[in-house]
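Here is the file target.txt (compact mmCIF, C-alpha atoms and all ligand atoms).
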# COMPACT_ATOMS: atom_id res chain seq x y z
CA MET A 239 -31.62 26.61 -22.86
CA THR A 240 -32.83 27.65 -19.40
CA ALA A 241 -31.88 30.72 -17.34
CA PRO A 242 -28.85 30.02 -15.14
CA ALA A 243 -28.90 30.15 -11.34
CA GLY A 244 -26.31 32.27 -9.47
CA GLY A 245 -24.15 35.17 -10.67
CA VAL A 246 -22.85 35.63 -14.19
CA LEU A 247 -19.33 34.26 -14.78
CA THR A 248 -16.53 36.14 -16.48
CA ARG A 249 -13.46 34.93 -18.37
CA GLU A 250 -11.28 36.25 -15.53
CA ASP A 251 -13.08 33.89 -13.10
CA LEU A 252 -12.03 31.00 -15.31
CA LEU A 253 -8.43 32.16 -15.68
CA GLU A 254 -8.33 32.05 -11.89
CA ARG A 255 -9.70 28.49 -11.88
CA ASP A 256 -6.97 27.50 -14.34
CA ARG A 257 -4.34 28.99 -12.04
CA THR A 258 -5.51 26.84 -9.12
CA ASP A 259 -6.27 23.68 -11.16
CA PRO A 260 -4.29 20.73 -9.68
CA LEU A 261 -4.27 19.03 -13.11
CA ALA A 262 -3.08 22.09 -15.05
CA SER A 263 0.48 20.85 -15.59
CA PHE A 264 -0.64 17.68 -17.41
CA ARG A 265 -1.47 19.79 -20.47
CA ASP A 266 2.29 19.96 -21.13
CA ARG A 267 2.24 16.25 -21.90
CA PHE A 268 0.24 16.83 -25.10
CA GLN A 269 1.07 18.03 -28.56
CA LEU A 270 -1.78 20.39 -29.44
CA PRO A 271 -1.85 22.70 -32.46
CA GLU A 272 -1.57 26.40 -31.66
CA GLY A 273 -4.91 28.23 -31.55
CA VAL A 274 -7.06 25.09 -31.46
CA ILE A 275 -9.47 24.17 -28.68
CA TYR A 276 -9.76 20.43 -28.96
CA LEU A 277 -13.10 19.11 -27.73
CA ASP A 278 -12.98 15.81 -29.63
CA GLY A 279 -10.82 13.61 -27.41
CA ASN A 280 -13.93 11.45 -27.04
CA SER A 281 -13.40 10.50 -30.72
CA LEU A 282 -9.62 10.69 -31.13
CA GLY A 283 -7.23 11.70 -28.36
CA PRO A 284 -4.28 13.97 -29.32
CA PRO A 285 -0.67 12.71 -29.44
CA SER A 286 1.53 13.12 -26.40
CA VAL A 287 4.73 15.16 -26.77
CA ASP A 288 6.71 11.95 -26.23
CA MET A 289 4.93 10.08 -29.04
CA ARG A 290 7.34 11.14 -31.78
CA ALA A 291 10.39 10.09 -29.71
CA ARG A 292 8.81 6.74 -28.87
CA ILE A 293 7.93 5.88 -32.45
CA GLY A 294 11.31 7.22 -33.58
CA SER A 295 13.20 5.05 -31.11
CA LEU A 296 11.13 2.02 -32.04
CA LEU A 297 12.20 2.58 -35.63
CA ALA A 298 15.82 3.39 -34.88
CA ALA A 299 16.75 1.27 -31.88
CA GLU A 300 14.34 -1.65 -32.17
CA TRP A 301 12.99 -2.52 -35.61
CA GLY A 302 15.71 -0.58 -37.49
CA ARG A 303 18.65 -2.04 -35.58
CA ASP A 304 17.63 -5.33 -34.01
CA LEU A 305 15.15 -6.30 -36.71
CA ILE A 306 13.39 -9.56 -35.95
CA ALA A 307 15.39 -10.11 -32.74
CA SER A 308 13.25 -7.28 -31.32
CA TRP A 309 10.39 -9.73 -30.70
CA ASN A 310 12.49 -11.13 -27.86
CA ARG A 311 14.97 -8.35 -27.10
CA HIS A 312 12.44 -5.53 -26.84
CA GLY A 313 9.53 -7.50 -25.43
CA TRP A 314 7.34 -7.20 -28.54
CA PHE A 315 5.92 -10.66 -28.01
CA ARG A 316 4.47 -9.65 -24.63
CA LEU A 317 3.43 -6.13 -25.67
CA PRO A 318 -0.34 -6.91 -25.82
CA GLU A 319 -0.24 -8.04 -22.18
CA ARG A 320 2.07 -5.19 -21.13
CA VAL A 321 -0.27 -2.60 -22.64
CA GLY A 322 -3.25 -4.42 -21.12
CA ALA A 323 -1.58 -4.20 -17.72
CA ARG A 324 -1.25 -0.43 -18.18
CA ILE A 325 -4.94 -0.10 -19.05
CA ALA A 326 -6.01 -2.29 -16.09
CA PRO A 327 -5.68 0.31 -13.29
CA LEU A 328 -7.83 2.74 -15.27
CA LEU A 329 -10.52 0.06 -15.28
CA GLY A 330 -10.18 -1.09 -11.67
CA ALA A 331 -9.06 -4.50 -12.95
CA GLY A 332 -6.12 -6.85 -12.29
CA GLU A 333 -3.14 -6.60 -14.64
CA ASP A 334 -3.78 -10.15 -15.87
CA GLU A 335 -7.42 -9.39 -16.67
CA VAL A 336 -6.92 -7.01 -19.59
CA ILE A 337 -5.26 -7.47 -22.97
CA ALA A 338 -4.82 -4.98 -25.82
CA ALA A 339 -5.81 -6.41 -29.17
CA ASP A 340 -7.73 -5.86 -32.38
CA SER A 341 -10.68 -3.44 -32.46
CA VAL A 342 -13.72 -3.05 -30.21
CA SER A 343 -15.79 -4.73 -32.92
CA LEU A 344 -13.60 -7.83 -33.12
CA ASN A 345 -13.18 -8.10 -29.37
CA LEU A 346 -16.93 -7.93 -28.90
CA PHE A 347 -17.36 -10.69 -31.48
CA LYS A 348 -14.87 -12.91 -29.65
CA LEU A 349 -16.49 -12.45 -26.25
CA LEU A 350 -20.11 -12.74 -27.41
CA ALA A 351 -19.31 -15.89 -29.38
CA ALA A 352 -17.39 -17.43 -26.47
CA LEU A 353 -20.34 -16.77 -24.16
CA LEU A 354 -22.87 -18.12 -26.65
CA ARG A 355 -20.99 -21.42 -26.72
CA ARG A 356 -21.56 -21.96 -23.02
CA THR A 357 -25.20 -21.38 -22.49
CA GLY A 358 -27.15 -24.33 -23.96
CA PRO A 359 -30.82 -23.57 -24.55
CA ARG A 360 -30.46 -19.83 -23.97
CA ARG A 361 -30.06 -18.51 -27.53
CA VAL A 362 -30.90 -14.78 -27.46
CA VAL A 363 -28.34 -11.99 -27.62
CA LEU A 364 -29.89 -8.97 -25.91
CA ALA A 365 -28.75 -5.48 -26.86
CA GLU A 366 -30.03 -1.94 -26.74
CA ALA A 367 -30.92 -0.31 -30.04
CA SER A 368 -29.07 2.84 -28.92
CA ASN A 369 -25.73 0.99 -28.61
CA PHE A 370 -22.98 2.11 -30.97
CA PRO A 371 -23.93 0.59 -34.35
CA THR A 372 -20.81 -1.56 -34.69
CA ASP A 373 -21.86 -3.43 -31.53
CA LEU A 374 -25.24 -4.09 -33.08
CA TYR A 375 -23.79 -5.13 -36.44
CA ILE A 376 -21.41 -7.56 -34.74
CA ALA A 377 -24.28 -9.08 -32.78
CA GLU A 378 -26.41 -9.22 -35.93
CA GLY A 379 -23.68 -10.94 -37.95
CA LEU A 380 -22.92 -13.40 -35.18
CA THR A 381 -26.54 -14.38 -34.63
CA ARG A 382 -26.95 -14.86 -38.38
CA LEU A 383 -23.88 -17.07 -38.45
CA LEU A 384 -25.35 -19.17 -35.64
CA GLY A 385 -28.92 -18.86 -36.94
CA GLY A 386 -29.23 -22.60 -37.51
CA SER A 387 -29.00 -23.16 -33.77
CA GLY A 388 -31.91 -20.76 -33.18
CA THR A 389 -29.68 -17.89 -32.06
CA LYS A 390 -31.43 -14.53 -32.32
CA LEU A 391 -30.71 -10.88 -31.63
CA ARG A 392 -33.23 -8.96 -29.52
CA LEU A 393 -33.01 -5.17 -29.52
CA VAL A 394 -34.73 -3.15 -26.82
CA ALA A 395 -34.88 0.45 -25.61
CA PRO A 396 -32.75 1.17 -22.51
CA GLU A 397 -35.85 1.48 -20.31
CA ASP A 398 -36.97 -2.03 -21.37
CA PHE A 399 -33.63 -3.75 -20.81
CA GLU A 400 -34.29 -5.21 -17.37
CA GLY A 401 -37.74 -6.52 -18.36
CA ALA A 402 -36.20 -8.25 -21.39
CA LEU A 403 -33.81 -10.42 -19.35
CA GLY A 404 -35.87 -13.58 -19.95
CA SER A 405 -34.89 -17.21 -19.50
CA ASP A 406 -34.03 -17.44 -23.22
CA VAL A 407 -31.29 -14.77 -23.02
CA ALA A 408 -27.76 -16.13 -23.34
CA VAL A 409 -25.77 -12.90 -23.19
CA ALA A 410 -26.34 -9.15 -23.21
CA THR A 411 -24.21 -6.30 -24.44
CA LEU A 412 -24.51 -2.78 -23.07
CA THR A 413 -22.59 0.45 -23.50
CA GLN A 414 -21.79 2.35 -20.33
CA VAL A 415 -21.77 5.83 -21.89
CA ASP A 416 -24.10 6.59 -24.77
CA PHE A 417 -22.08 7.92 -27.71
CA ARG A 418 -24.82 10.35 -28.70
CA THR A 419 -25.90 11.90 -25.41
CA GLY A 420 -23.09 11.00 -23.01
CA ARG A 421 -25.69 9.45 -20.67
CA LYS A 422 -24.06 6.99 -18.27
CA ARG A 423 -25.55 3.64 -17.22
CA ASP A 424 -25.19 2.07 -13.80
CA LEU A 425 -22.51 -0.55 -14.40
CA ARG A 426 -22.79 -2.15 -10.99
CA ARG A 427 -26.57 -2.37 -10.73
CA LEU A 428 -27.23 -3.56 -14.28
CA THR A 429 -24.48 -6.19 -14.07
CA ALA A 430 -26.04 -7.50 -10.84
CA VAL A 431 -29.60 -7.49 -12.22
CA ALA A 432 -28.47 -9.40 -15.32
CA LYS A 433 -26.40 -11.83 -13.26
CA ASP A 434 -29.47 -12.59 -11.12
CA ALA A 435 -31.30 -13.44 -14.34
CA GLY A 436 -28.44 -15.77 -15.36
CA VAL A 437 -27.20 -13.41 -18.09
CA PRO A 438 -23.55 -12.34 -18.45
CA VAL A 439 -23.08 -8.80 -19.78
CA VAL A 440 -20.32 -7.63 -22.11
CA TRP A 441 -19.89 -3.92 -21.47
CA ASP A 442 -18.58 -1.52 -24.11
CA LEU A 443 -16.38 0.93 -22.19
CA SER A 444 -15.21 2.93 -25.22
CA HIS A 445 -16.36 6.24 -23.69
CA SER A 446 -15.45 5.25 -20.12
CA ALA A 447 -11.80 4.14 -20.12
CA GLY A 448 -9.64 7.14 -19.26
CA ALA A 449 -12.68 9.41 -18.92
CA PHE A 450 -13.52 8.66 -15.28
CA PRO A 451 -12.61 6.01 -12.68
CA VAL A 452 -14.05 2.61 -13.61
CA ARG A 453 -14.16 -0.13 -10.95
CA LEU A 454 -14.76 -3.37 -12.79
CA ASN A 455 -13.65 -5.71 -9.98
CA GLU A 456 -15.46 -3.79 -7.27
CA ASP A 457 -18.63 -3.59 -9.37
CA GLY A 458 -18.66 -7.30 -10.17
CA VAL A 459 -18.26 -6.79 -13.93
CA GLU A 460 -17.34 -10.00 -15.74
CA PHE A 461 -16.65 -8.98 -19.35
CA ALA A 462 -15.83 -5.75 -21.18
CA VAL A 463 -14.31 -4.30 -24.32
CA GLY A 464 -13.19 -0.76 -25.15
CA CYS A 465 -11.34 1.61 -27.33
CA GLY A 466 -7.67 2.73 -27.40
CA TYR A 467 -7.92 5.82 -29.60
CA LYS A 468 -10.35 7.97 -27.62
CA TYR A 469 -9.53 8.99 -24.03
CA LEU A 470 -6.54 6.62 -23.92
CA ASN A 471 -4.77 8.73 -26.56
CA GLY A 472 -3.40 5.71 -28.47
CA GLY A 473 -3.67 7.24 -31.96
CA PRO A 474 -5.93 6.66 -34.97
CA GLY A 475 -7.04 3.03 -35.16
CA ALA A 476 -5.21 2.13 -31.93
CA PRO A 477 -5.87 -1.41 -30.71
CA GLY A 478 -8.84 -1.90 -28.41
CA PHE A 479 -8.89 -3.86 -25.18
CA LEU A 480 -10.66 -6.85 -23.78
CA TYR A 481 -11.35 -7.61 -20.11
CA ALA A 482 -12.51 -10.86 -18.51
CA ALA A 483 -12.67 -11.47 -14.75
CA ARG A 484 -9.80 -13.75 -13.73
CA GLU A 485 -11.87 -16.71 -12.52
CA LEU A 486 -13.86 -16.85 -15.78
CA GLN A 487 -11.00 -16.71 -18.27
CA GLN A 488 -10.14 -20.40 -18.45
CA ALA A 489 -13.68 -21.35 -19.48
CA LEU A 490 -13.77 -18.89 -22.40
CA ASP A 491 -13.41 -20.50 -25.80
CA THR A 492 -12.88 -17.74 -28.36
CA PRO A 493 -14.14 -18.65 -31.85
CA LEU A 494 -11.15 -17.02 -33.57
CA TYR A 495 -8.39 -19.53 -33.09
CA GLY A 496 -5.22 -17.73 -34.15
CA TRP A 497 -1.64 -18.81 -33.64
CA MET A 498 -0.87 -15.91 -31.28
CA GLY A 499 -3.61 -17.16 -28.97
CA HIS A 500 -2.15 -20.67 -29.00
CA ARG A 501 -0.54 -21.98 -25.83
CA SER A 502 2.71 -22.59 -27.66
CA PRO A 503 2.74 -20.82 -31.06
CA PHE A 504 6.32 -21.66 -31.94
CA ASP A 505 5.71 -25.40 -31.59
CA PHE A 506 3.64 -25.09 -34.78
CA GLU A 507 1.29 -27.85 -33.72
CA VAL A 508 -1.55 -28.93 -35.99
CA GLY A 509 -4.29 -28.60 -33.37
CA TYR A 510 -5.31 -25.52 -31.40
CA ARG A 511 -4.73 -25.30 -27.65
CA PRO A 512 -5.61 -21.97 -26.05
CA ALA A 513 -3.01 -19.99 -24.14
CA PRO A 514 -3.77 -19.62 -20.46
CA GLY A 515 -5.47 -16.38 -19.41
CA MET A 516 -6.19 -13.42 -21.66
CA ARG A 517 -3.57 -14.29 -24.28
CA ARG A 518 -6.08 -16.72 -25.81
CA PHE A 519 -7.89 -13.65 -27.17
CA LEU A 520 -5.03 -12.78 -29.48
CA THR A 521 -5.50 -13.90 -33.07
CA GLY A 522 -2.83 -12.89 -35.57
CA THR A 523 0.49 -11.07 -35.19
CA PRO A 524 -0.02 -7.99 -32.99
CA PRO A 525 0.49 -4.50 -34.56
CA ILE A 526 3.64 -3.48 -32.70
CA LEU A 527 3.82 0.13 -33.96
CA SER A 528 0.22 0.74 -32.91
CA LEU A 529 0.66 -1.02 -29.57
CA ALA A 530 3.75 1.07 -28.83
CA ALA A 531 1.77 4.23 -29.64
CA LEU A 532 -1.02 3.09 -27.33
CA GLU A 533 1.49 2.37 -24.57
CA GLU A 534 2.87 5.88 -25.01
CA GLY A 535 -0.64 7.36 -24.98
CA LEU A 536 -1.31 5.58 -21.70
CA ARG A 537 1.78 7.18 -20.19
CA THR A 538 -0.15 10.48 -20.19
CA PHE A 539 -2.06 9.00 -17.23
CA GLU A 540 1.06 8.40 -15.12
CA GLY A 541 0.62 10.00 -11.69
CA VAL A 542 -2.95 11.11 -12.47
CA ASP A 543 -5.48 10.80 -9.66
CA MET A 544 -8.54 9.51 -11.55
CA ASP A 545 -10.94 10.90 -8.94
CA ALA A 546 -9.42 14.36 -9.44
CA LEU A 547 -9.61 13.84 -13.21
CA TRP A 548 -13.31 13.07 -12.97
CA ARG A 549 -13.99 16.05 -10.69
CA LYS A 550 -12.49 18.31 -13.34
CA ALA A 551 -14.31 16.56 -16.23
CA ALA A 552 -17.60 17.04 -14.39
CA ALA A 553 -16.77 20.69 -13.64
CA LEU A 554 -15.86 21.38 -17.30
CA GLY A 555 -19.11 19.79 -18.50
CA ASP A 556 -21.17 21.69 -15.90
CA LEU A 557 -19.44 24.91 -16.90
CA PHE A 558 -20.16 24.29 -20.57
CA LEU A 559 -23.86 23.73 -19.87
CA ARG A 560 -24.03 26.80 -17.65
CA LEU A 561 -22.29 29.04 -20.20
CA ALA A 562 -24.51 27.65 -22.93
CA ASP A 563 -27.52 28.71 -20.84
CA GLU A 564 -26.04 32.15 -20.23
CA ARG A 565 -24.60 32.92 -23.63
CA LEU A 566 -26.45 30.84 -26.23
CA ALA A 567 -30.04 31.60 -25.21
CA GLY A 568 -32.23 32.33 -28.22
CA PHE A 569 -29.97 30.59 -30.76
CA GLY A 570 -31.93 27.32 -30.90
CA PHE A 571 -29.71 24.98 -28.86
CA GLU A 572 -31.09 22.35 -26.48
CA PRO A 573 -28.94 20.22 -24.17
CA ALA A 574 -29.05 16.52 -25.10
CA SER A 575 -26.95 15.35 -22.13
CA PRO A 576 -27.96 15.00 -18.49
CA ARG A 577 -27.44 18.17 -16.47
CA ASP A 578 -26.41 16.10 -13.45
CA ALA A 579 -22.73 15.19 -14.01
CA ARG A 580 -23.20 11.91 -12.12
CA GLU A 581 -25.46 10.76 -14.95
CA ARG A 582 -23.05 11.43 -17.82
CA GLY A 583 -19.56 10.60 -19.04
CA SER A 584 -17.20 13.42 -19.93
CA GLN A 585 -19.03 14.40 -23.10
CA VAL A 586 -21.79 16.99 -23.44
CA SER A 587 -24.02 17.17 -26.51
CA LEU A 588 -26.25 19.96 -27.72
CA ARG A 589 -29.05 19.64 -30.24
CA HIS A 590 -29.46 22.19 -32.99
CA PRO A 591 -31.57 21.86 -36.17
CA GLU A 592 -28.58 23.11 -38.20
CA GLY A 593 -26.11 21.02 -36.21
CA TYR A 594 -23.89 19.92 -39.11
CA PRO A 595 -23.10 23.35 -40.65
CA VAL A 596 -22.87 24.92 -37.17
CA MET A 597 -20.19 22.38 -36.19
CA GLN A 598 -18.28 22.88 -39.46
CA ALA A 599 -18.31 26.66 -38.96
CA LEU A 600 -17.14 26.19 -35.36
CA ILE A 601 -14.28 23.95 -36.50
CA ALA A 602 -13.28 26.64 -39.01
CA ARG A 603 -12.91 28.93 -35.98
CA GLY A 604 -10.52 26.44 -34.35
CA VAL A 605 -12.95 24.85 -31.89
CA VAL A 606 -13.08 21.15 -32.74
CA GLY A 607 -16.02 18.99 -31.75
CA ASP A 608 -18.02 16.64 -33.95
CA PHE A 609 -21.50 15.98 -35.25
CA ARG A 610 -23.78 12.96 -35.03
CA GLU A 611 -27.05 12.54 -36.90
CA PRO A 612 -29.63 13.89 -36.83
CA ASP A 613 -28.85 17.10 -34.93
CA LEU A 614 -26.18 16.49 -32.28
CA LEU A 615 -23.10 18.61 -31.67
CA ARG A 616 -20.76 16.63 -29.40
CA PHE A 617 -18.13 18.16 -27.13
CA GLY A 618 -15.65 16.03 -25.18
CA PHE A 619 -14.02 17.41 -22.04
CA ALA A 620 -10.74 15.58 -21.50
CA PRO A 621 -9.38 17.20 -18.32
CA LEU A 622 -5.70 16.45 -18.87
CA TYR A 623 -5.33 19.05 -21.60
CA LEU A 624 -8.39 21.28 -21.41
CA ARG A 625 -8.58 24.47 -19.41
CA TYR A 626 -11.58 26.26 -17.96
CA ARG A 627 -10.87 29.22 -20.23
CA ASP A 628 -11.17 26.89 -23.25
CA VAL A 629 -14.78 26.22 -22.32
CA TRP A 630 -15.44 29.96 -22.16
CA ASP A 631 -13.79 30.53 -25.53
CA ALA A 632 -15.57 27.57 -27.13
CA VAL A 633 -18.99 28.83 -26.09
CA GLY A 634 -18.00 32.32 -27.24
CA ALA A 635 -17.03 30.94 -30.66
CA LEU A 636 -20.31 29.05 -30.91
CA ARG A 637 -22.17 32.27 -30.12
CA GLU A 638 -20.27 34.13 -32.84
CA VAL A 639 -21.02 31.42 -35.41
CA LEU A 640 -24.75 31.84 -34.76
CA ALA A 641 -24.75 35.61 -34.28
CA ARG A 642 -22.92 36.13 -37.59
CA GLU A 643 -24.76 33.26 -39.29
CA GLU A 644 -21.44 31.82 -40.40
CA HIS A 645 -23.04 28.38 -40.70
CA GLN A 646 -25.07 29.64 -43.69
CA ASP A 647 -21.93 29.55 -45.83
CA PRO A 648 -22.53 26.76 -48.41
CA ARG A 649 -19.06 25.26 -47.85
CA PHE A 650 -20.15 24.23 -44.33
CA ARG A 651 -23.09 22.24 -45.71
CA ARG A 652 -21.02 19.87 -47.81
CA ARG A 653 -20.93 16.53 -46.00
CA ASN A 654 -17.54 14.99 -45.30
CA ALA A 655 -17.13 11.20 -45.10
CA VAL A 656 -16.36 11.50 -41.40
CA THR A 657 -18.62 13.88 -39.48
C1 LIG A 701 -19.20 2.94 -28.02
C2 LIG A 701 -18.34 2.61 -29.19
N1 LIG A 701 -18.06 1.32 -29.49
C3 LIG A 701 -17.28 0.99 -30.53
C4 LIG A 701 -16.72 1.96 -31.34
C5 LIG A 701 -15.86 1.61 -32.54
O1 LIG A 701 -15.25 0.38 -32.44
P1 LIG A 701 -14.02 -0.07 -33.36
O2 LIG A 701 -12.79 0.09 -32.53
O3 LIG A 701 -14.28 -1.47 -33.68
O4 LIG A 701 -13.99 0.82 -34.54
C6 LIG A 701 -16.99 3.31 -31.07
C7 LIG A 701 -16.39 4.34 -31.95
O5 LIG A 701 -16.59 5.51 -31.83
C8 LIG A 701 -17.81 3.63 -29.98
O6 LIG A 701 -18.10 4.91 -29.70
Written as structure tokens, that's how I'd like the structure from this file.
Amino acid sequence: MTAPAGGVLTREDLLERDRTDPLASFRDRFQLPEGVIYLDGNSLGPPSVDMRARIGSLLAAEWGRDLIASWNRHGWFRLPERVGARIAPLLGAGEDEVIAADSVSLNLFKLLAALLRRTGPRRVVLAEASNFPTDLYIAEGLTRLLGGSGTKLRLVAPEDFEGALGSDVAVATLTQVDFRTGRKRDLRRLTAVAKDAGVPVVWDLSHSAGAFPVRLNEDGVEFAVGCGYKYLNGGPGAPGFLYAARELQQALDTPLYGWMGHRSPFDFEVGYRPAPGMRRFLTGTPPILSLAALEEGLRTFEGVDMDALWRKAAALGDLFLRLADERLAGFGFEPASPRDARERGSQVSLRHPEGYPVMQALIARGVVGDFREPDLLRFGFAPLYLRYRDVWDAVGALREVLAREEHQDPRFRRRNAVT
């Protein structure tokens, strides 16, 4: 870590920042365990305080009382669109351009396959090797499935992406915020460069939605997918979302013809006719309990100014990096995220050769982040429930772990299934 510029901060300085924080009251919307500093909302957002009541009332007053009539009476049939419409403003998209469904993986499959159908002799799917692996696996499986038609996957490094947009490329998939380093790509510029080369891009916004303002319409983005369980606070395995620009929706032919995506599912016709708009991307019966939880998670954003949210996320990340410089010098950490907040999402990663046991020892102290191979400690700064003092305390705990060599305890070296 490098020596910090400016005076040395104290915890009192940060208590004062918490007192004047315009977003401070939003913390009351979340159910957080006592004594825990939760820096993993980039993996799984916490439940809102209203979540229990919402799920309880769904059980008692909807499913438990009205049973199957709830599909009509309580709007279950339209819930995927209703939740999509709640996600839309966070993405800078129209309400009819987003639908909540399935997982990121499945939604990516549907969009890539639909775009591969349209593009004739262009047969390459272009992706960056640093994308989240599920995106690569989906592209790999899809190109294998279509292998007979000469469809191929081409993986490049981020710096080679623009040069790889050849006349054989049918579609590209990019991730806006790198899950390892938090580095942010230029959505607007890369979409335009690809469009000029005749290549539609499907963006993975898993680490963008709810983390900072996204302006899909303004930036000319045509297609995107993303996650419901991270910054959107929808709960473990929450449905993902799918976005397609309004004027392009009618031409999209998803390969997964399911009855819920049919124009008229209760006519039980033999042949498939797609529903108009985004509903065509539904496949089977939507998971109502999970969609209701996602809708409740999204309510934590009600009344939130996303520009103010991003200012605080950037400030928390900057503070973390500064305190790491000041208080972790000599302990072997190196920042893996850009120091300039404009170049990252709301996650900051540090490298450490003993990253795994260090993170486990930190979690044992009540500061929850996560670890990614080979040496990355990831910290997410979700501004709706984190305070400036939490950043101070988290860095202090990290210092203690190293100073007392707590990570040498053998129990912290045992690998869990989820890291
Ligand atoms: C960028 C990115 N894409 C996709 C996923 C996972 O997608 P799925 O919802 O299909 O599990 C993750 C999970 O962490 C992710 O970080």
Residue neighbourhood Glu397 (chain A), 12 Å, all atoms listed in the file, exclusion window fewer than 6 positions, as a CSV table (one decimal) with C-alpha atoms, in the coordinates of the input:
chain,number,residue,atom,x,y,z
A,365,ALA,CA,-28.8,-5.5,-26.9
A,366,GLU,CA,-30.0,-1.9,-26.7
A,367,ALA,CA,-30.9,-0.3,-30.0
A,368,SER,CA,-29.1,2.8,-28.9
A,423,ARG,CA,-25.6,3.6,-17.2
A,428,LEU,CA,-27.2,-3.6,-14.3
State, in Å with one decimal place, the distance from CA of Leu412 (chain A) to CA of Trp441 (chain A).
5.0 Å
Between A:Ala447, A:Ala435, A:Ala323, A:Ile306, which residue has the minimum interatomic distance to ligand LIG 701 (chain A), considering all atoms listed in the file?
A:Ala447
Would you name the residues within 6 Å of ligand LIG 701 (chain A), counting all atoms listed in the file, and put them as an MDAnalysis selection string?
chainID A and resid 341:343 370 417 442 444 465
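Atom pair CA of Asp578 (chain A) / CA of Leu470 (chain A): separated by 24.4 Å.
Residue nearest Ala262 (chain A) within the list A:Glu333, A:Arg625, A:Leu547, A:His645: A:Arg625 [criterion: smallest interatomic distance, all atoms listed in the file].
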Please return, as a list in words, all polymer residues that have at least one atom within 12 Å of the point (6.9, 13.9, -26.8); use all atoms listed in the file and the file's own coordinate frame.
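It turns out the residues near that spot are Asp266, Arg267, Phe268, Gln269, Leu270, Pro284, Pro285, Ser286, Val287, Asp288, Met289, Arg290, Ala291, Arg292, Ile293, Gly294, Ser295, Ala531, Glu534, Gly535, Arg537 and Thr538 of chain A.
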Can you work out which one of A:Leu346, A:Leu374, A:Leu480, A:Val274 has the shortest atom-to-atom distance to Ala326 (chain A), counting all atoms listed in the file?
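Ranking A:Leu346, A:Leu374, A:Leu480, A:Val274 by distance to Ala326 (chain A), first place goes to A:Leu480.
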Which distance in Å separates CA of Ala410 (chain A) and CA of Glu485 (chain A), to one decimal?
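Interatomic distance here is 19.5 Å.
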When you count all atoms listed in the file, which of these residues is closest to Arg255 (chain A): A:Leu554, A:Pro474, A:Ala574, A:Arg418?
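Ranking A:Leu554, A:Pro474, A:Ala574, A:Arg418 by distance to Arg255 (chain A), first place goes to A:Leu554.
Using all atoms listed in the file, the nearest neighbour of Gly478 (chain A) within the list A:Trp314, A:Tyr594, A:Phe617, A:Phe519 is A:Phe519.
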Take the point (-16.4, 17.6, -16.2) as written in the file and pick out every residue within 10 Å of it, counting all atoms listed in the file; give the list as a list in words.
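Here the neighbourhood of the point contains Ala449, Phe450, Leu547, Trp548, Arg549, Lys550, Ala551, Ala552, Ala553, Leu554, Gly555, Asp556, Leu557, Phe558, Ala579, Arg580, Arg582, Gly583, Ser584, Gln585, Val586, Gly618, Phe619, Ala620 and Pro621 of chain A.
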Just C-alpha atoms for this one: save the residues we selected as a CSV table (one decimal), in the coordinates of the input.
chain,number,residue,atom,x,y,z
A,449,ALA,CA,-12.7,9.4,-18.9
A,450,PHE,CA,-13.5,8.7,-15.3
A,547,LEU,CA,-9.6,13.8,-13.2
A,548,TRP,CA,-13.3,13.1,-13.0
A,549,ARG,CA,-14.0,16.0,-10.7
A,550,LYS,CA,-12.5,18.3,-13.3
A,551,ALA,CA,-14.3,16.6,-16.2
A,552,ALA,CA,-17.6,17.0,-14.4
A,553,ALA,CA,-16.8,20.7,-13.6
A,554,LEU,CA,-15.9,21.4,-17.3
A,555,GLY,CA,-19.1,19.8,-18.5
A,556,ASP,CA,-21.2,21.7,-15.9
A,557,LEU,CA,-19.4,24.9,-16.9
A,558,PHE,CA,-20.2,24.3,-20.6
A,579,ALA,CA,-22.7,15.2,-14.0
A,580,ARG,CA,-23.2,11.9,-12.1
A,582,ARG,CA,-23.0,11.4,-17.8
A,583,GLY,CA,-19.6,10.6,-19.0
A,584,SER,CA,-17.2,13.4,-19.9
A,585,GLN,CA,-19.0,14.4,-23.1
A,586,VAL,CA,-21.8,17.0,-23.4
A,618,GLY,CA,-15.6,16.0,-25.2
A,619,PHE,CA,-14.0,17.4,-22.0
A,620,ALA,CA,-10.7,15.6,-21.5
A,621,PRO,CA,-9.4,17.2,-18.3
The residue from A:Leu344, A:Val452, A:Leu252, A:Val362 with the smallest atom-to-atom distance to Asp628 (chain A), counting only C-alpha atoms, is A:Leu252
Neighbour list for Ala641 (chain A) as a PDB file with C-alpha atoms, in the coordinates of the input, cut-off 12 Å, all atoms listed in the file, skip fewer than 6 positions in-chain:
ATOM      1  CA  ARG A 565     -24.600  32.920 -23.630  1.00  0.00           C
ATOM      2  CA  LEU A 566     -26.450  30.840 -26.230  1.00  0.00           C
ATOM      3  CA  ALA A 567     -30.040  31.600 -25.210  1.00  0.00           C
ATOM      4  CA  GLY A 568     -32.230  32.330 -28.220  1.00  0.00           C
ATOM      5  CA  PHE A 569     -29.970  30.590 -30.760  1.00  0.00           C
ATOM      6  CA  GLY A 570     -31.930  27.320 -30.900  1.00  0.00           C
ATOM      7  CA  VAL A 596     -22.870  24.920 -37.170  1.00  0.00           C
ATOM      8  CA  ALA A 599     -18.310  26.660 -38.960  1.00  0.00           C
ATOM      9  CA  GLY A 634     -18.000  32.320 -27.240  1.00  0.00           C
ATOM     10  CA  ALA A 635     -17.030  30.940 -30.660  1.00  0.00           C
TER      11      ALA A 635
END
Long-range neighbours of Phe315 (chain A) as a VMD selection string, 10 Å cut-off, all atoms listed in the file, 5 positions minimum in chain
chain A and resid 308 to 310 320 498 523 to 524 526
